[in-house]
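The data block below is work-v6.cif; it holds mmCIF, C-alpha atoms and all ligand atoms.
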```
data_upload
#
loop_
_atom_site.label_atom_id
_atom_site.label_comp_id
_atom_site.auth_asym_id
_atom_site.auth_seq_id
_atom_site.Cartn_x
_atom_site.Cartn_y
_atom_site.Cartn_z
CA MET J 1 -114.63 26.46 2.82
CA GLY J 2 -112.96 24.77 5.70
CA PHE J 3 -113.57 23.25 9.07
CA VAL J 4 -114.13 24.70 12.51
CA ILE J 5 -114.06 23.09 15.95
CA LEU J 6 -116.92 24.00 18.28
CA PRO J 7 -118.33 22.60 21.50
CA ALA J 8 -121.15 20.15 20.73
CA LEU J 9 -124.60 21.17 21.95
CA VAL J 10 -127.45 18.97 23.16
CA PRO J 11 -129.27 19.00 19.77
CA ASP J 12 -125.99 17.82 18.14
CA ILE J 13 -125.75 14.55 20.08
CA SER J 14 -127.19 12.31 17.41
CA SER J 15 -125.17 13.94 14.56
CA VAL J 16 -122.00 13.76 16.62
CA TYR J 17 -122.59 10.05 17.24
CA ASP J 18 -123.49 9.50 13.56
CA VAL J 19 -119.83 10.36 12.97
CA TYR J 20 -118.63 8.20 15.85
CA PHE J 21 -120.54 5.10 14.75
CA ALA J 22 -119.70 5.59 11.04
CA ALA J 23 -116.01 5.71 11.97
CA PHE J 24 -116.07 2.91 14.57
CA LYS J 25 -118.71 0.48 13.27
CA ASP J 26 -116.04 -2.18 12.59
CA ASN J 27 -114.05 -1.51 15.74
CA PRO J 28 -114.01 -4.61 17.94
CA VAL J 29 -114.22 -2.63 21.18
CA THR J 30 -117.19 -0.57 19.99
CA ARG J 31 -118.95 -3.75 18.88
CA ALA J 32 -118.14 -5.51 22.15
CA LEU J 33 -119.60 -2.58 24.10
CA PHE J 34 -122.84 -2.70 22.07
CA PRO J 35 -123.10 -6.41 21.19
CA SER J 36 -126.80 -6.55 20.43
CA ALA J 37 -126.78 -3.64 17.96
CA THR J 38 -126.45 -4.56 14.29
CA GLU J 39 -124.48 -2.35 11.90
CA THR J 40 -127.79 -0.86 10.71
CA ASP J 41 -128.78 -0.09 14.31
CA LEU J 42 -125.45 1.70 14.85
CA LEU J 43 -125.68 3.81 11.69
CA ASP J 44 -129.37 4.75 11.80
CA ALA J 45 -129.92 7.62 14.22
CA LYS J 46 -133.63 6.69 14.34
CA SER J 47 -133.05 3.07 15.42
CA GLU J 48 -134.19 2.01 18.86
CA PHE J 49 -130.56 1.49 19.82
CA ARG J 50 -129.49 4.99 18.72
CA THR J 51 -132.46 6.83 20.24
CA GLY J 52 -131.71 5.05 23.53
CA HIS J 53 -128.02 5.89 23.16
CA THR J 54 -128.76 9.57 22.49
CA ALA J 55 -130.99 9.74 25.57
CA HIS J 56 -128.26 8.11 27.64
CA VAL J 57 -125.59 10.56 26.43
CA SER J 58 -127.84 13.51 27.15
CA GLU J 59 -128.33 12.24 30.73
CA TYR J 60 -124.57 11.69 31.07
CA TRP J 61 -123.90 15.30 30.02
CA LYS J 62 -125.92 16.45 33.02
CA THR J 63 -123.60 14.56 35.37
CA SER J 64 -120.06 14.90 33.99
CA SER J 65 -118.03 17.91 35.01
CA THR J 66 -114.85 16.80 33.21
CA GLN J 67 -115.88 15.54 29.77
CA TYR J 68 -116.14 17.92 26.81
CA THR J 69 -117.64 16.86 23.49
CA LEU J 70 -116.43 18.71 20.42
CA LYS J 71 -117.76 18.77 16.92
CA CYS J 72 -115.91 19.58 13.74
CA VAL J 73 -118.19 21.41 11.32
CA ASP J 74 -117.74 21.80 7.57
CA THR J 75 -118.14 25.58 7.21
CA GLY J 76 -119.45 25.19 3.64
CA THR J 77 -122.41 22.96 4.53
CA GLY J 78 -122.78 23.04 8.31
CA GLN J 79 -122.36 19.25 8.39
CA ILE J 80 -120.74 17.68 11.45
CA VAL J 81 -117.82 15.67 10.06
CA GLY J 82 -115.73 14.93 13.14
CA MET J 83 -116.09 14.60 16.90
CA ALA J 84 -113.93 14.21 19.97
CA LEU J 85 -114.38 13.56 23.66
CA TRP J 86 -111.83 15.23 25.90
CA ASP J 87 -111.66 14.66 29.65
CA VAL J 88 -109.98 17.64 31.28
CA TYR J 89 -108.69 17.11 34.80
CA ILE J 90 -107.70 20.60 35.97
CA THR J 91 -107.83 19.23 39.52
CA PRO J 92 -106.55 15.70 40.27
CA SER J 93 -108.54 13.05 38.44
CA ASP J 94 -110.87 10.91 40.52
CA TRP J 95 -111.37 8.53 37.60
CA LYS J 96 -111.49 4.87 38.61
CA LYS J 97 -111.74 1.71 36.64
CA GLY J 98 -115.44 0.96 36.34
CA GLU J 99 -117.66 -1.84 35.22
CA ILE J 100 -119.53 -2.33 32.01
CA SER J 101 -122.73 -2.29 33.96
CA TRP J 102 -125.13 -2.42 31.00
CA LEU J 103 -123.89 -5.87 29.92
CA GLN J 104 -124.20 -9.26 31.59
CA GLY J 105 -122.59 -12.68 31.48
CA ASP J 106 -120.46 -13.58 28.46
CA GLU J 107 -121.07 -10.24 26.75
CA ARG J 108 -119.75 -8.41 29.75
CA GLU J 109 -116.74 -10.70 30.04
CA ARG J 110 -115.86 -10.22 26.38
CA ALA J 111 -116.15 -6.44 26.56
CA GLU J 112 -114.22 -6.19 29.83
CA ALA J 113 -111.44 -8.42 28.47
CA LEU J 114 -110.90 -5.86 25.69
CA VAL J 115 -111.17 -2.74 27.81
CA ASN J 116 -109.38 -3.91 30.96
CA PRO J 117 -105.77 -3.75 29.70
CA LEU J 118 -106.33 -0.05 28.87
CA TRP J 119 -108.20 0.71 32.09
CA ASP J 120 -105.41 -0.91 34.10
CA ALA J 121 -102.73 1.15 32.36
CA ARG J 122 -104.69 4.38 32.80
CA GLU J 123 -105.33 3.68 36.46
CA ARG J 124 -101.71 2.78 37.10
CA MET J 125 -100.29 5.89 35.41
CA TRP J 126 -102.84 8.65 35.93
CA SER J 127 -104.76 8.11 39.18
CA ASN J 128 -104.97 11.39 41.07
CA GLU J 129 -103.03 13.23 38.34
CA LYS J 130 -103.90 16.44 36.56
CA TYR J 131 -104.03 15.76 32.83
CA LEU J 132 -106.08 15.74 29.66
CA TYR J 133 -107.43 12.44 28.41
CA CYS J 134 -108.06 12.20 24.70
CA HIS J 135 -110.93 9.80 25.12
CA VAL J 136 -112.20 9.48 21.54
CA MET J 137 -111.54 11.17 18.21
CA ALA J 138 -113.60 10.21 15.17
CA VAL J 139 -113.71 11.54 11.62
CA HIS J 140 -116.51 10.57 9.26
CA PRO J 141 -115.11 8.13 6.65
CA SER J 142 -116.05 10.54 3.80
CA PHE J 143 -113.96 13.32 5.37
CA GLN J 144 -110.84 11.45 6.39
CA ARG J 145 -107.37 12.70 5.33
CA ARG J 146 -108.47 16.32 5.21
CA GLY J 147 -106.97 17.54 8.46
CA VAL J 148 -110.07 17.08 10.64
CA GLY J 149 -108.28 14.81 13.13
CA GLU J 150 -105.46 17.33 13.39
CA LEU J 151 -107.87 20.16 14.13
CA LEU J 152 -109.65 18.12 16.82
CA PHE J 153 -106.31 17.27 18.39
CA LYS J 154 -105.11 20.90 18.20
CA PHE J 155 -108.01 21.88 20.44
CA GLY J 156 -106.51 19.58 23.08
CA ILE J 157 -103.01 20.93 22.49
CA ASN J 158 -104.27 24.47 23.05
CA VAL J 159 -105.91 23.55 26.35
CA SER J 160 -102.85 21.53 27.31
CA GLN J 161 -100.54 24.51 26.71
CA GLU J 162 -102.75 27.00 28.53
CA ALA J 163 -103.30 24.69 31.51
CA ARG J 164 -99.76 23.24 31.42
CA LEU J 165 -101.09 19.68 31.56
CA PRO J 166 -99.99 16.63 29.55
CA ILE J 167 -102.35 14.79 27.20
CA TYR J 168 -102.74 11.01 27.46
CA ILE J 169 -103.73 9.13 24.30
CA GLU J 170 -104.66 5.51 23.59
CA SER J 171 -104.17 5.23 19.84
CA SER J 172 -105.88 2.98 17.33
CA LYS J 173 -103.57 1.51 14.74
CA GLU J 174 -104.92 3.93 12.12
CA ALA J 175 -104.21 7.00 14.27
CA VAL J 176 -100.57 6.28 15.19
CA ARG J 177 -99.27 8.39 12.28
CA LEU J 178 -101.44 11.34 13.26
CA TYR J 179 -100.19 11.36 16.85
CA GLU J 180 -96.59 11.01 15.72
CA LYS J 181 -97.07 13.89 13.30
CA MET J 182 -98.59 16.03 16.08
CA GLY J 183 -95.40 15.56 18.13
CA CYS J 184 -96.71 13.06 20.67
CA SER J 185 -94.22 10.79 22.46
CA ARG J 186 -94.70 7.04 22.69
CA LEU J 187 -94.95 5.43 26.09
CA LYS J 188 -93.03 2.35 27.08
CA ALA J 189 -96.22 0.63 28.25
CA ARG J 190 -98.07 -1.22 25.48
CA PRO J 191 -101.22 -2.83 26.83
CA LEU J 192 -101.99 -6.10 25.11
CA ARG J 193 -105.38 -7.34 24.05
CA LYS J 194 -105.42 -11.08 23.57
CA ARG J 195 -106.07 -12.17 20.00
CA GLU J 196 -108.77 -14.58 21.16
CA ASP J 197 -110.56 -11.74 22.95
CA LEU J 198 -110.47 -9.65 19.77
CA GLN J 199 -111.68 -12.60 17.70
CA SER J 200 -114.51 -13.30 20.13
CA VAL J 201 -116.16 -10.14 18.78
CA LYS J 202 -117.63 -11.03 15.44
CA VAL J 203 -116.42 -8.17 13.28
CA ASN J 204 -113.63 -7.91 10.81
CA SER J 205 -110.73 -7.10 13.09
CA ALA J 206 -108.06 -7.85 10.50
CA ASN J 207 -106.59 -4.42 11.19
CA GLU J 208 -106.12 -4.97 14.87
CA ASP J 209 -103.14 -6.61 16.36
CA GLY J 210 -103.40 -6.89 20.09
CA GLU J 211 -100.99 -4.15 21.16
CA VAL J 212 -102.31 -0.69 21.86
CA ALA J 213 -99.95 2.24 21.31
CA LEU J 214 -100.02 4.83 24.09
CA PHE J 215 -98.81 8.40 23.66
CA VAL J 216 -98.41 11.59 25.64
CA TRP J 217 -98.29 15.10 24.34
CA ILE J 218 -96.20 17.25 26.64
CA PRO J 219 -96.54 21.04 26.76
CA GLU J 220 -93.34 23.01 26.35
CA GLY J 221 -91.31 23.27 29.55
CA GLU J 222 -93.24 20.47 31.28
CA GLU J 223 -91.02 17.59 30.10
CA ASN J 224 -89.78 16.81 33.59
CA LYS J 225 -93.14 16.95 35.28
CA LEU J 226 -94.76 13.77 34.00
CA PRO J 227 -96.17 11.44 36.66
CA LYS J 228 -93.54 8.89 37.80
CA ALA J 229 -95.46 5.93 36.40
CA VAL J 230 -95.49 7.48 32.91
CA GLU J 231 -92.35 6.23 31.17
CA LEU J 232 -91.45 7.33 27.65
CA ALA J 233 -90.34 4.65 25.19
C1 LIG R 301 -105.28 26.73 18.86
O1 LIG R 301 -104.62 27.94 19.15
C2 LIG R 301 -104.15 28.61 18.00
C3 LIG R 301 -103.29 29.76 18.46
O2 LIG R 301 -103.88 30.46 19.53
C4 LIG R 301 -105.34 29.06 17.17
O3 LIG R 301 -104.90 29.71 16.00
C5 LIG R 301 -106.13 27.81 16.76
O4 LIG R 301 -107.31 28.18 16.06
C6 LIG R 301 -106.50 26.98 17.97
N1 LIG R 301 -107.03 25.73 17.48
C7 LIG R 301 -108.11 25.14 17.98
C8 LIG R 301 -108.58 23.93 17.27
O5 LIG R 301 -108.70 25.55 18.95
#
```
Would you mind writing the file out in structure tokens?
Ligand SMILES: *[C@@H]1O[C@H](CO)[C@@H](O)[C@H](O)[C@H]1NC(C)=O
Amino acid sequence: MGFVILPALVPDISSVYDVYFAAFKDNPVTRALFPSATETDLLDAKSEFRTGHTAHVSEYWKTSSTQYTLKCVDTGTGQIVGMALWDVYITPSDWKKGEISWLQGDERERAEALVNPLWDARERMWSNEKYLYCHVMAVHPSFQRRGVGELLFKFGINVSQEARLPIYIESSKEAVRLYEKMGCSRLKARPLRKREDLQSVKVNSANEDGEVALFVWIPEGEENKLPKAVELA
């Protein structure tokens, strides 16, 4: 019995996002991005929201040539218990700050207020750089503290070492210890989400203070090759 990391396949999309929504249902950014979905909508793979979401992800997979979705499978049961999205920029990233095009009006303003500080930091530090972006890591609440997050992150470390590229991480408060344990270095930049923007999303965000911890993981021998705008704390 143990866990194994594998690339997610098209039929896995809804199980992979079962894990994501179970882990992030109380996260203010997730809720701001999907303001009209109730908690039940998020958790029920058969809800109208989730079937639409699954269809959207499956379309997105046809277009992205940089984003990899991983699943962590319990080898005893075959259950998907963790997931991660990794963006791998082997050639310079053409990522640009976007718009939350599926929302309008106040909802869009609220969501963009939460996401913008992170988008700005990423754009400032990593435009046109070659790097790995640890976009999302999620472990199902019933499987937390069993090394699943570490395994998902080790996949990125392996790619990072082989490709000699740094990893950029925006950490939730809960994940700071994991990234420290994995040997990531803190960045000086600490994007700030305003408390009123966090509170404008009606979920329990007691766990969130406004500052977001940023990290890099640097492959051996590449310490002096970070982009100039990336300053270690
Ligand atoms: C990372 O690489 C090590 C050494 O090659 C290997 O043992 C391990 O299974 C890899 N981990 C993942 C998650 O790919």
Build an axis-aligned box that encloses every atom of range 11-26 of chain J listed in the file, pad it by 4 Å on each side, and report its centre and edge lengths in Å to one decimal, as JSON.
```
{"center_x": -122.6, "center_y": 8.4, "center_z": 15.6, "size_x": 21.3, "size_y": 29.2, "size_z": 17.0}
```
TODO: Can you work out which one of J:Gly105, J:Pro166, J:Pro141, J:Pro92 has the shortest atom-to-atom distance to Val19 in chain J, counting only C-alpha atoms?
DONE: J:Pro141
TODO: Identify, on the basis of all atoms listed in the file, every residue whose closest approach to Thr66 in chain J does not exceed 7 Å; exclude the query and any residue fewer than 2 positions from it along the same chain; express the result as a ChimeraX atom specification.
DONE: /J:64,68,87-89
TODO: Give as a PyMOL selection string the set of residues within 10 Å of the point (-109.7, 6.5, 39.4), where distances use the file's coordinates and only C-alpha atoms.
DONE: chain J and resi 92-98+119+122-124+126-129
Open item on the list: Just want the residues within 7 Å of ligand LIG 301 (chain R), written as a ChimeraX atom specification, counting only C-alpha atoms and all ligand atoms.
Closed with: /J:5,151-152,154-155,158
Write a file of the just-selected residues containing C-alpha atoms, as a PDB file, in the coordinates of the input.
```
ATOM      1  CA  ILE J   5    -114.060  23.090  15.950  1.00  0.00           C
ATOM      2  CA  LEU J 151    -107.870  20.160  14.130  1.00  0.00           C
ATOM      3  CA  LEU J 152    -109.650  18.120  16.820  1.00  0.00           C
ATOM      4  CA  LYS J 154    -105.110  20.900  18.200  1.00  0.00           C
ATOM      5  CA  PHE J 155    -108.010  21.880  20.440  1.00  0.00           C
ATOM      6  CA  ASN J 158    -104.270  24.470  23.050  1.00  0.00           C
TER       7      ASN J 158
END
```
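If you measure from each of J:Leu192, J:Leu226, J:Val115, J:Ile90 to Ser160 in chain J using all atoms listed in the file, the closest one turns out to be J:Ile90.
From CA of Tyr168 in chain J back to CA of Pro227 in chain J, the distance works out to 11.3 Å.
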Task: Spatial neighbours of Glu39 in chain J, max dist 10 Å, all atoms listed in the file, sep filter under 4 positions, as a list in words - done: Phe21, Ala22, Lys25, Asp26, Arg31, Leu43 and Asp44 of chain J
